[in-house]
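The data block below is entry_35.pdb; it holds PDB, C-alpha atoms, pLDDT in the B column.
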ATOM      1  CA  MET A   1      -4.146  14.993 -13.453  1.00 49.00           C
ATOM      2  CA  PRO A   2      -5.679  13.828 -10.155  1.00 58.00           C
ATOM      3  CA  GLU A   3      -3.323  12.847  -7.374  1.00 74.00           C
ATOM      4  CA  THR A   4      -3.222   9.131  -6.570  1.00 82.00           C
ATOM      5  CA  ARG A   5      -4.023   8.168  -2.987  1.00 86.00           C
ATOM      6  CA  HIS A   6      -3.194   4.871  -1.332  1.00 86.00           C
ATOM      7  CA  ASP A   7      -5.601   4.755   1.597  1.00 88.00           C
ATOM      8  CA  GLU A   8      -4.446   1.261   2.627  1.00 85.00           C
ATOM      9  CA  MET A   9      -0.894   2.554   3.219  1.00 88.00           C
ATOM     10  CA  PRO A  10       0.546   4.346   6.287  1.00 87.00           C
ATOM     11  CA  ALA A  11       1.195   7.473   4.196  1.00 87.00           C
ATOM     12  CA  PRO A  12      -1.744   7.556   1.717  1.00 88.00           C
ATOM     13  CA  GLU A  13      -0.560  10.763   0.045  1.00 90.00           C
ATOM     14  CA  ARG A  14       2.887   9.347  -0.797  1.00 89.00           C
ATOM     15  CA  PRO A  15       3.664   7.240  -3.896  1.00 88.00           C
ATOM     16  CA  LEU A  16       4.024   3.511  -3.217  1.00 86.00           C
ATOM     17  CA  PRO A  17       7.846   3.453  -3.657  1.00 88.00           C
ATOM     18  CA  GLU A  18       8.128   6.194  -1.019  1.00 90.00           C
ATOM     19  CA  GLN A  19       6.082   4.534   1.713  1.00 91.00           C
ATOM     20  CA  PRO A  20       7.682   4.449   5.180  1.00 91.00           C
ATOM     21  CA  GLY A  21       9.031   1.222   6.650  1.00 89.00           C
ATOM     22  CA  THR A  22       5.806   0.867   8.630  1.00 90.00           C
ATOM     23  CA  ALA A  23       4.166  -0.188   5.348  1.00 88.00           C
ATOM     24  CA  LEU A  24       5.981  -3.470   5.990  1.00 88.00           C
ATOM     25  CA  THR A  25       6.338  -3.584   9.777  1.00 90.00           C
ATOM     26  CA  ALA A  26       2.872  -2.412  10.869  1.00 88.00           C
ATOM     27  CA  VAL A  27       1.060  -5.309   9.187  1.00 84.00           C
ATOM     28  CA  ASP A  28       1.118  -8.888  10.424  1.00 80.00           C
ATOM     29  CA  MET A  29       1.641 -11.257   7.499  1.00 73.00           C
ATOM     30  CA  SER A  30       2.869 -14.084   9.718  1.00 68.00           C
ATOM     31  CA  GLY A  31      -0.381 -16.012   9.276  1.00 72.00           C
ATOM     32  CA  GLU A  32       0.167 -16.117   5.529  1.00 65.00           C
ATOM     33  CA  ALA A  33       3.567 -17.796   5.567  1.00 66.00           C
ATOM     34  CA  ASP A  34       5.465 -20.292   7.657  1.00 71.00           C
ATOM     35  CA  ILE A  35       7.637 -18.062   9.854  1.00 70.00           C
ATOM     36  CA  GLU A  36       9.632 -19.479  12.767  1.00 68.00           C
ATOM     37  CA  ARG A  37      10.302 -17.736  16.091  1.00 62.00           C
ATOM     38  CA  ARG A  38       7.331 -15.367  16.109  1.00 62.00           C
ATOM     39  CA  GLY A  39       8.035 -12.216  18.138  1.00 69.00           C
ATOM     40  CA  ASP A  40      11.808 -12.382  17.753  1.00 86.00           C
ATOM     41  CA  PRO A  41      13.629  -9.807  15.544  1.00 91.00           C
ATOM     42  CA  ARG A  42      14.334 -12.509  12.968  1.00 93.00           C
ATOM     43  CA  ALA A  43      10.607 -13.230  12.752  1.00 91.00           C
ATOM     44  CA  GLN A  44       9.975  -9.483  12.430  1.00 93.00           C
ATOM     45  CA  VAL A  45      12.362  -9.389   9.445  1.00 96.00           C
ATOM     46  CA  SER A  46      10.620 -12.409   7.892  1.00 94.00           C
ATOM     47  CA  ASN A  47       7.210 -10.821   8.447  1.00 93.00           C
ATOM     48  CA  ALA A  48       8.351  -7.534   6.851  1.00 95.00           C
ATOM     49  CA  MET A  49       9.788  -9.299   3.784  1.00 95.00           C
ATOM     50  CA  VAL A  50       6.610 -11.409   3.410  1.00 94.00           C
ATOM     51  CA  ALA A  51       4.623  -8.153   3.695  1.00 93.00           C
ATOM     52  CA  LEU A  52       6.787  -6.619   0.948  1.00 93.00           C
ATOM     53  CA  LYS A  53       6.000  -9.470  -1.421  1.00 92.00           C
ATOM     54  CA  LYS A  54       2.326  -9.751  -0.430  1.00 91.00           C
ATOM     55  CA  ARG A  55       1.481  -6.023  -0.403  1.00 91.00           C
ATOM     56  CA  PHE A  56       3.501  -4.913  -3.413  1.00 90.00           C
ATOM     57  CA  TYR A  57       3.782  -8.022  -5.635  1.00 88.00           C
ATOM     58  CA  GLY A  58       0.334  -9.358  -4.822  1.00 87.00           C
ATOM     59  CA  LYS A  59       1.601 -12.757  -3.694  1.00 90.00           C
ATOM     60  CA  GLY A  60       3.892 -13.702  -0.840  1.00 90.00           C
ATOM     61  CA  PRO A  61       6.150 -16.679  -0.211  1.00 95.00           C
ATOM     62  CA  GLU A  62       4.983 -19.847   1.508  1.00 93.00           C
ATOM     63  CA  ARG A  63       7.908 -19.883   3.937  1.00 94.00           C
ATOM     64  CA  ALA A  64      10.421 -17.326   5.207  1.00 94.00           C
ATOM     65  CA  ARG A  65      13.480 -17.635   7.444  1.00 95.00           C
ATOM     66  CA  SER A  66      15.709 -14.776   8.530  1.00 96.00           C
ATOM     67  CA  TYR A  67      19.134 -14.687  10.109  1.00 96.00           C
ATOM     68  CA  VAL A  68      20.947 -11.826  11.821  1.00 95.00           C
ATOM     69  CA  VAL A  69      24.698 -12.239  12.297  1.00 95.00           C
ATOM     70  CA  ASP A  70      26.882  -9.306  13.318  1.00 95.00           C
ATOM     71  CA  GLU A  71      26.119  -6.602  10.736  1.00 97.00           C
ATOM     72  CA  TYR A  72      24.363  -8.918   8.275  1.00 98.00           C
ATOM     73  CA  VAL A  73      20.634  -9.594   7.861  1.00 98.00           C
ATOM     74  CA  PHE A  74      19.656 -12.375   5.487  1.00 98.00           C
ATOM     75  CA  CYS A  75      16.103 -13.463   4.632  1.00 97.00           C
ATOM     76  CA  ALA A  76      15.439 -16.589   2.549  1.00 97.00           C
ATOM     77  CA  MET A  77      11.931 -17.151   1.182  1.00 96.00           C
ATOM     78  CA  GLU A  78      10.447 -20.172  -0.568  1.00 96.00           C
ATOM     79  CA  GLY A  79       7.908 -19.935  -3.376  1.00 94.00           C
ATOM     80  CA  GLY A  80       5.903 -16.832  -4.093  1.00 91.00           C
ATOM     81  CA  LEU A  81       6.088 -16.460  -7.859  1.00 94.00           C
ATOM     82  CA  THR A  82       3.068 -14.732  -9.334  1.00 93.00           C
ATOM     83  CA  ARG A  83       1.161 -16.662 -11.994  1.00 93.00           C
ATOM     84  CA  ASN A  84       2.616 -14.567 -14.828  1.00 94.00           C
ATOM     85  CA  GLU A  85       6.142 -15.182 -13.465  1.00 95.00           C
ATOM     86  CA  GLU A  86       5.438 -18.937 -13.355  1.00 95.00           C
ATOM     87  CA  VAL A  87       4.414 -18.816 -17.029  1.00 95.00           C
ATOM     88  CA  LEU A  88       7.606 -16.937 -17.950  1.00 96.00           C
ATOM     89  CA  VAL A  89       9.784 -19.421 -16.017  1.00 96.00           C
ATOM     90  CA  GLU A  90       8.062 -22.365 -17.720  1.00 95.00           C
ATOM     91  CA  ALA A  91       8.802 -20.685 -21.066  1.00 97.00           C
ATOM     92  CA  GLY A  92      12.504 -20.421 -20.194  1.00 97.00           C
ATOM     93  CA  GLN A  93      12.387 -16.689 -19.431  1.00 98.00           C
ATOM     94  CA  GLN A  94      14.008 -16.829 -15.966  1.00 97.00           C
ATOM     95  CA  ASP A  95      16.244 -13.859 -16.787  1.00 97.00           C
ATOM     96  CA  ALA A  96      13.191 -11.693 -17.546  1.00 98.00           C
ATOM     97  CA  VAL A  97      11.648 -12.578 -14.164  1.00 97.00           C
ATOM     98  CA  ARG A  98      14.960 -11.933 -12.386  1.00 96.00           C
ATOM     99  CA  GLN A  99      15.449  -8.574 -14.116  1.00 96.00           C
ATOM    100  CA  TYR A 100      11.895  -7.499 -13.309  1.00 95.00           C
ATOM    101  CA  ARG A 101      12.293  -8.443  -9.647  1.00 94.00           C
ATOM    102  CA  LEU A 102      15.634  -6.642  -9.375  1.00 94.00           C
ATOM    103  CA  LEU A 103      14.081  -3.533 -10.935  1.00 95.00           C
ATOM    104  CA  PHE A 104      11.165  -3.753  -8.536  1.00 93.00           C
ATOM    105  CA  GLN A 105      13.449  -4.164  -5.521  1.00 92.00           C
ATOM    106  CA  ALA A 106      15.514  -1.145  -6.600  1.00 94.00           C
ATOM    107  CA  THR A 107      12.273   0.832  -6.808  1.00 95.00           C
ATOM    108  CA  MET A 108      11.181  -0.329  -3.329  1.00 95.00           C
ATOM    109  CA  GLU A 109      14.623  -0.029  -1.704  1.00 96.00           C
ATOM    110  CA  LYS A 110      13.741   2.993   0.441  1.00 96.00           C
ATOM    111  CA  THR A 111      10.692   1.315   2.022  1.00 96.00           C
ATOM    112  CA  THR A 112      12.453  -2.041   2.389  1.00 97.00           C
ATOM    113  CA  THR A 113      15.574  -0.671   4.069  1.00 97.00           C
ATOM    114  CA  ALA A 114      13.489   1.616   6.312  1.00 97.00           C
ATOM    115  CA  ALA A 115      11.672  -1.466   7.627  1.00 96.00           C
ATOM    116  CA  ILE A 116      14.958  -3.235   8.430  1.00 98.00           C
ATOM    117  CA  GLU A 117      16.309  -0.101  10.123  1.00 98.00           C
ATOM    118  CA  GLU A 118      13.147   0.114  12.231  1.00 96.00           C
ATOM    119  CA  ILE A 119      13.424  -3.547  13.279  1.00 96.00           C
ATOM    120  CA  THR A 120      17.172  -3.588  13.999  1.00 96.00           C
ATOM    121  CA  GLY A 121      17.654  -0.025  15.206  1.00 96.00           C
ATOM    122  CA  ARG A 122      20.658   0.209  12.870  1.00 97.00           C
ATOM    123  CA  ARG A 123      21.243   1.980   9.573  1.00 98.00           C
ATOM    124  CA  VAL A 124      21.302  -0.157   6.410  1.00 98.00           C
ATOM    125  CA  VAL A 125      24.443   0.576   4.361  1.00 98.00           C
ATOM    126  CA  GLY A 126      24.007  -2.140   1.739  1.00 97.00           C
ATOM    127  CA  TYR A 127      21.085  -4.020   0.234  1.00 97.00           C
ATOM    128  CA  HIS A 128      20.765  -6.707  -2.418  1.00 96.00           C
ATOM    129  CA  SER A 129      17.903  -8.880  -3.621  1.00 95.00           C
ATOM    130  CA  GLN A 130      18.149 -12.066  -5.665  1.00 95.00           C
ATOM    131  CA  ILE A 131      15.993 -14.951  -6.860  1.00 95.00           C
ATOM    132  CA  THR A 132      16.726 -18.492  -8.006  1.00 96.00           C
ATOM    133  CA  PHE A 133      14.465 -20.985  -9.766  1.00 96.00           C
ATOM    134  CA  ASN A 134      13.975 -24.750  -9.498  1.00 92.00           C
ATOM    135  CA  PRO A 135      13.487 -24.550  -6.570  1.00 94.00           C
ATOM    136  CA  THR A 136      12.160 -21.008  -6.309  1.00 95.00           C
ATOM    137  CA  ARG A 137      13.960 -19.061  -3.585  1.00 97.00           C
ATOM    138  CA  ALA A 138      14.081 -15.300  -3.051  1.00 96.00           C
ATOM    139  CA  PHE A 139      16.794 -13.698  -0.929  1.00 97.00           C
ATOM    140  CA  GLU A 140      16.957 -10.276   0.702  1.00 97.00           C
ATOM    141  CA  ILE A 141      20.397  -9.352   2.031  1.00 98.00           C
ATOM    142  CA  PHE A 142      21.181  -6.290   4.137  1.00 98.00           C
ATOM    143  CA  VAL A 143      24.445  -4.931   5.536  1.00 98.00           C
ATOM    144  CA  LEU A 144      24.045  -2.841   8.687  1.00 98.00           C
ATOM    145  CA  ALA A 145      26.299  -0.015   9.882  1.00 97.00           C
ATOM    146  CA  ARG A 146      28.727  -1.136  12.578  1.00 91.00           C
TER     147      ARG A 146
END
Would you give me this structure, written as structure tokens?
Amino acid sequence: MPETRHDEMPAPERPLPEQPGTALTAVDMSGEADIERRGDPRAQVSNAMVALKKRFYGKGPERARSYVVDEYVFCAMEGGLTRNEEVLVEAGQQDAVRQYRLLFQATMEKTTTAAIEEITGRRVVGYHSQITFNPTRAFEIFVLAR
């Protein structure tokens, strides 16, 4: 079986779930979403989380805001459902979309937390992802080592 290469990624020989944090921090997705405070670490977090959605889901949110308080990093994103997710939500299948996204985030945890560690200079000791509907909001929550 031929080995899969991902030439658009920082580590083309590595599987997508094992990409380094630079897969999210080395690309500028700030032009694709409304992100406040460009250049500030909070904007870097927002940009990385938009990059996660855009590069790996295929569609990013319309707006992202991040907050860093003590050992907590919180990113809230508006919109960003893919078309198939929109269809499922309209059919009352919100739990299926939520379960899929949680599975995907668990798969991408290594890359996602590496990006936050690169931005903050601190180790991530806890990570959780969640989504709500009507209105659509996605949340990425990180706990940093003290």
*asked:* Can you spell out as a ChimeraX atom specification the set of residues that the PyMOL selection byres ((chain A and resi 44) around 12) selects in the structure I just provided?
replied: /A:22,24-30,35-43,45-51,64-68,73,75,115-120
Please tabulate, as CSV, the residues of region 40-119 of chain A that come within 7 Å of region 134-140 of chain A, each with its closest pair of atoms and the distance in Å to one decimal, counting only C-alpha atoms and ordering rows by chain, then residue number upward.
residue,atom,partner,partner_atom,distance
A:Phe74,CA,A:Glu140,CA,5.9
A:Cys75,CA,A:Glu140,CA,5.1
A:Ala76,CA,A:Phe139,CA,4.7
A:Met77,CA,A:Ala138,CA,5.1
A:Glu78,CA,A:Arg137,CA,4.8
A:Gly79,CA,A:Thr136,CA,5.3
*So how far away is CA of His128 (chain A) from CA of Leu52 (chain A), in Å?*
14.4 Å
_For Thr82 (chain A), find every residue with an atom within 7 Å (counting only C-alpha atoms), except residues of its own chain fewer than 3 positions away, and show them as a PyMOL selection string._
chain A and resi 59+85-86
Using all atoms of region 55-59 of chain A that appear in the file, construct an axis-aligned enclosing box with 8 Å of padding on every side and provide its centre coordinates and edge lengths in Å, rounded to one decimal, as JSON.
{"center_x": 2.1, "center_y": -8.8, "center_z": -3.0, "size_x": 19.4, "size_y": 23.8, "size_z": 21.2}
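CA of Thr107 (chain A) sits 17.0 Å away from CA of Ala11 (chain A).
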*Point-to-point distance in Å for CA of Glu13 (chain A) and CA of Lys54 (chain A)*: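 Value for the CA of Lys54 (chain A)-CA of Glu13 (chain A) distance: 20.7 Å.
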_Going by the chain IDs and residue numbers used in this file, which residues fall under the PyMOL selection byres ((chain A and resi 126) around 12)? Write them as a ChimeraX atom specification._
/A:71-74,106,109-110,112-113,116-117,122-125,127-129,140-146
_Using all atoms listed in the file: which of A:Met108, A:Phe133, A:Gly58, A:Leu81 has the shortest distance to Gly21 (chain A)_ = A:Met108
*Please evaluate the PyMOL selection byres ((chain A and resi 6) around 12) against the structure above and give the resulting residues as an NGL selection string.*
:A and (3-5 or 7-19 or 23 or 55)
*Using all atoms listed in the file, find the one residue out of A:Glu90, A:Pro20, A:Lys53, A:Thr132 that sits nearest to Gln105 (chain A).*
A:Lys53
Since the input lacks some atoms of region 37-73 of chain A, please model N, CA and C atoms and print them as a short mmCIF file (atom, residue, chain, number, x, y, z; two decimals), in the frame of the given file.
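The file below, selection.cif, is the result:
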data_model
loop_
_atom_site.label_atom_id
_atom_site.label_comp_id
_atom_site.auth_asym_id
_atom_site.auth_seq_id
_atom_site.Cartn_x
_atom_site.Cartn_y
_atom_site.Cartn_z
N ARG A 37 9.88 -18.65 15.01
CA ARG A 37 10.30 -17.74 16.09
C ARG A 37 9.49 -16.45 16.14
N ARG A 38 8.18 -16.56 16.08
CA ARG A 38 7.33 -15.37 16.11
C ARG A 38 7.68 -14.49 17.31
N GLY A 39 7.74 -13.17 17.08
CA GLY A 39 8.04 -12.22 18.14
C GLY A 39 9.50 -11.83 18.23
N ASP A 40 10.37 -12.63 17.72
CA ASP A 40 11.81 -12.38 17.75
C ASP A 40 12.18 -11.47 16.58
N PRO A 41 13.27 -10.70 16.66
CA PRO A 41 13.63 -9.81 15.54
C PRO A 41 13.77 -10.53 14.20
N ARG A 42 14.23 -11.76 14.22
CA ARG A 42 14.33 -12.51 12.97
C ARG A 42 12.95 -12.75 12.37
N ALA A 43 11.98 -13.05 13.23
CA ALA A 43 10.61 -13.23 12.75
C ALA A 43 10.04 -11.90 12.25
N GLN A 44 10.42 -10.80 12.89
CA GLN A 44 9.98 -9.48 12.43
C GLN A 44 10.52 -9.19 11.03
N VAL A 45 11.78 -9.56 10.78
CA VAL A 45 12.36 -9.39 9.44
C VAL A 45 11.59 -10.25 8.44
N SER A 46 11.37 -11.51 8.79
CA SER A 46 10.62 -12.41 7.89
C SER A 46 9.24 -11.84 7.60
N ASN A 47 8.54 -11.38 8.63
CA ASN A 47 7.21 -10.82 8.45
C ASN A 47 7.26 -9.61 7.52
N ALA A 48 8.24 -8.73 7.70
CA ALA A 48 8.35 -7.53 6.85
C ALA A 48 8.62 -7.91 5.40
N MET A 49 9.48 -8.91 5.16
CA MET A 49 9.79 -9.30 3.78
C MET A 49 8.60 -10.02 3.14
N VAL A 50 7.84 -10.81 3.92
CA VAL A 50 6.61 -11.41 3.41
C VAL A 50 5.61 -10.30 3.08
N ALA A 51 5.52 -9.29 3.95
CA ALA A 51 4.62 -8.15 3.70
C ALA A 51 5.01 -7.43 2.41
N LEU A 52 6.32 -7.26 2.18
CA LEU A 52 6.79 -6.62 0.95
C LEU A 52 6.25 -7.37 -0.27
N LYS A 53 6.43 -8.67 -0.27
CA LYS A 53 6.00 -9.47 -1.42
C LYS A 53 4.47 -9.46 -1.54
N LYS A 54 3.78 -9.66 -0.42
CA LYS A 54 2.33 -9.75 -0.43
C LYS A 54 1.68 -8.42 -0.81
N ARG A 55 2.12 -7.33 -0.18
CA ARG A 55 1.48 -6.02 -0.40
C ARG A 55 1.83 -5.42 -1.76
N PHE A 56 3.05 -5.62 -2.22
CA PHE A 56 3.50 -4.91 -3.41
C PHE A 56 3.62 -5.80 -4.66
N TYR A 57 3.79 -7.12 -4.49
CA TYR A 57 3.78 -8.02 -5.64
C TYR A 57 2.39 -8.61 -5.84
N GLY A 58 1.66 -8.75 -4.74
CA GLY A 58 0.33 -9.36 -4.82
C GLY A 58 0.33 -10.81 -4.39
N LYS A 59 1.51 -11.38 -4.17
CA LYS A 59 1.60 -12.76 -3.69
C LYS A 59 2.87 -12.89 -2.86
N GLY A 60 2.74 -13.53 -1.71
CA GLY A 60 3.89 -13.70 -0.84
C GLY A 60 4.42 -15.12 -0.87
N PRO A 61 5.57 -15.33 -0.26
CA PRO A 61 6.15 -16.68 -0.21
C PRO A 61 5.38 -17.59 0.75
N GLU A 62 5.61 -18.88 0.61
CA GLU A 62 4.98 -19.85 1.51
C GLU A 62 5.77 -20.01 2.80
N ARG A 63 7.05 -19.69 2.77
CA ARG A 63 7.91 -19.88 3.94
C ARG A 63 8.99 -18.82 3.92
N ALA A 64 9.35 -18.32 5.10
CA ALA A 64 10.42 -17.33 5.21
C ALA A 64 11.24 -17.60 6.46
N ARG A 65 12.56 -17.49 6.32
CA ARG A 65 13.48 -17.64 7.44
C ARG A 65 14.49 -16.51 7.36
N SER A 66 14.75 -15.88 8.50
CA SER A 66 15.71 -14.78 8.53
C SER A 66 16.80 -15.06 9.55
N TYR A 67 17.96 -14.50 9.27
CA TYR A 67 19.13 -14.69 10.11
C TYR A 67 19.80 -13.33 10.29
N VAL A 68 20.23 -13.06 11.52
CA VAL A 68 20.95 -11.83 11.82
C VAL A 68 22.26 -12.24 12.47
N VAL A 69 23.37 -11.90 11.80
CA VAL A 69 24.70 -12.24 12.30
C VAL A 69 25.57 -11.00 12.16
N ASP A 70 26.05 -10.51 13.29
CA ASP A 70 26.88 -9.31 13.32
C ASP A 70 26.17 -8.18 12.57
N GLU A 71 26.76 -7.70 11.47
CA GLU A 71 26.12 -6.60 10.74
C GLU A 71 25.36 -7.08 9.50
N TYR A 72 25.04 -8.37 9.45
CA TYR A 72 24.36 -8.92 8.28
C TYR A 72 22.96 -9.40 8.62
N VAL A 73 22.00 -9.09 7.75
CA VAL A 73 20.63 -9.59 7.86
C VAL A 73 20.34 -10.30 6.55
#
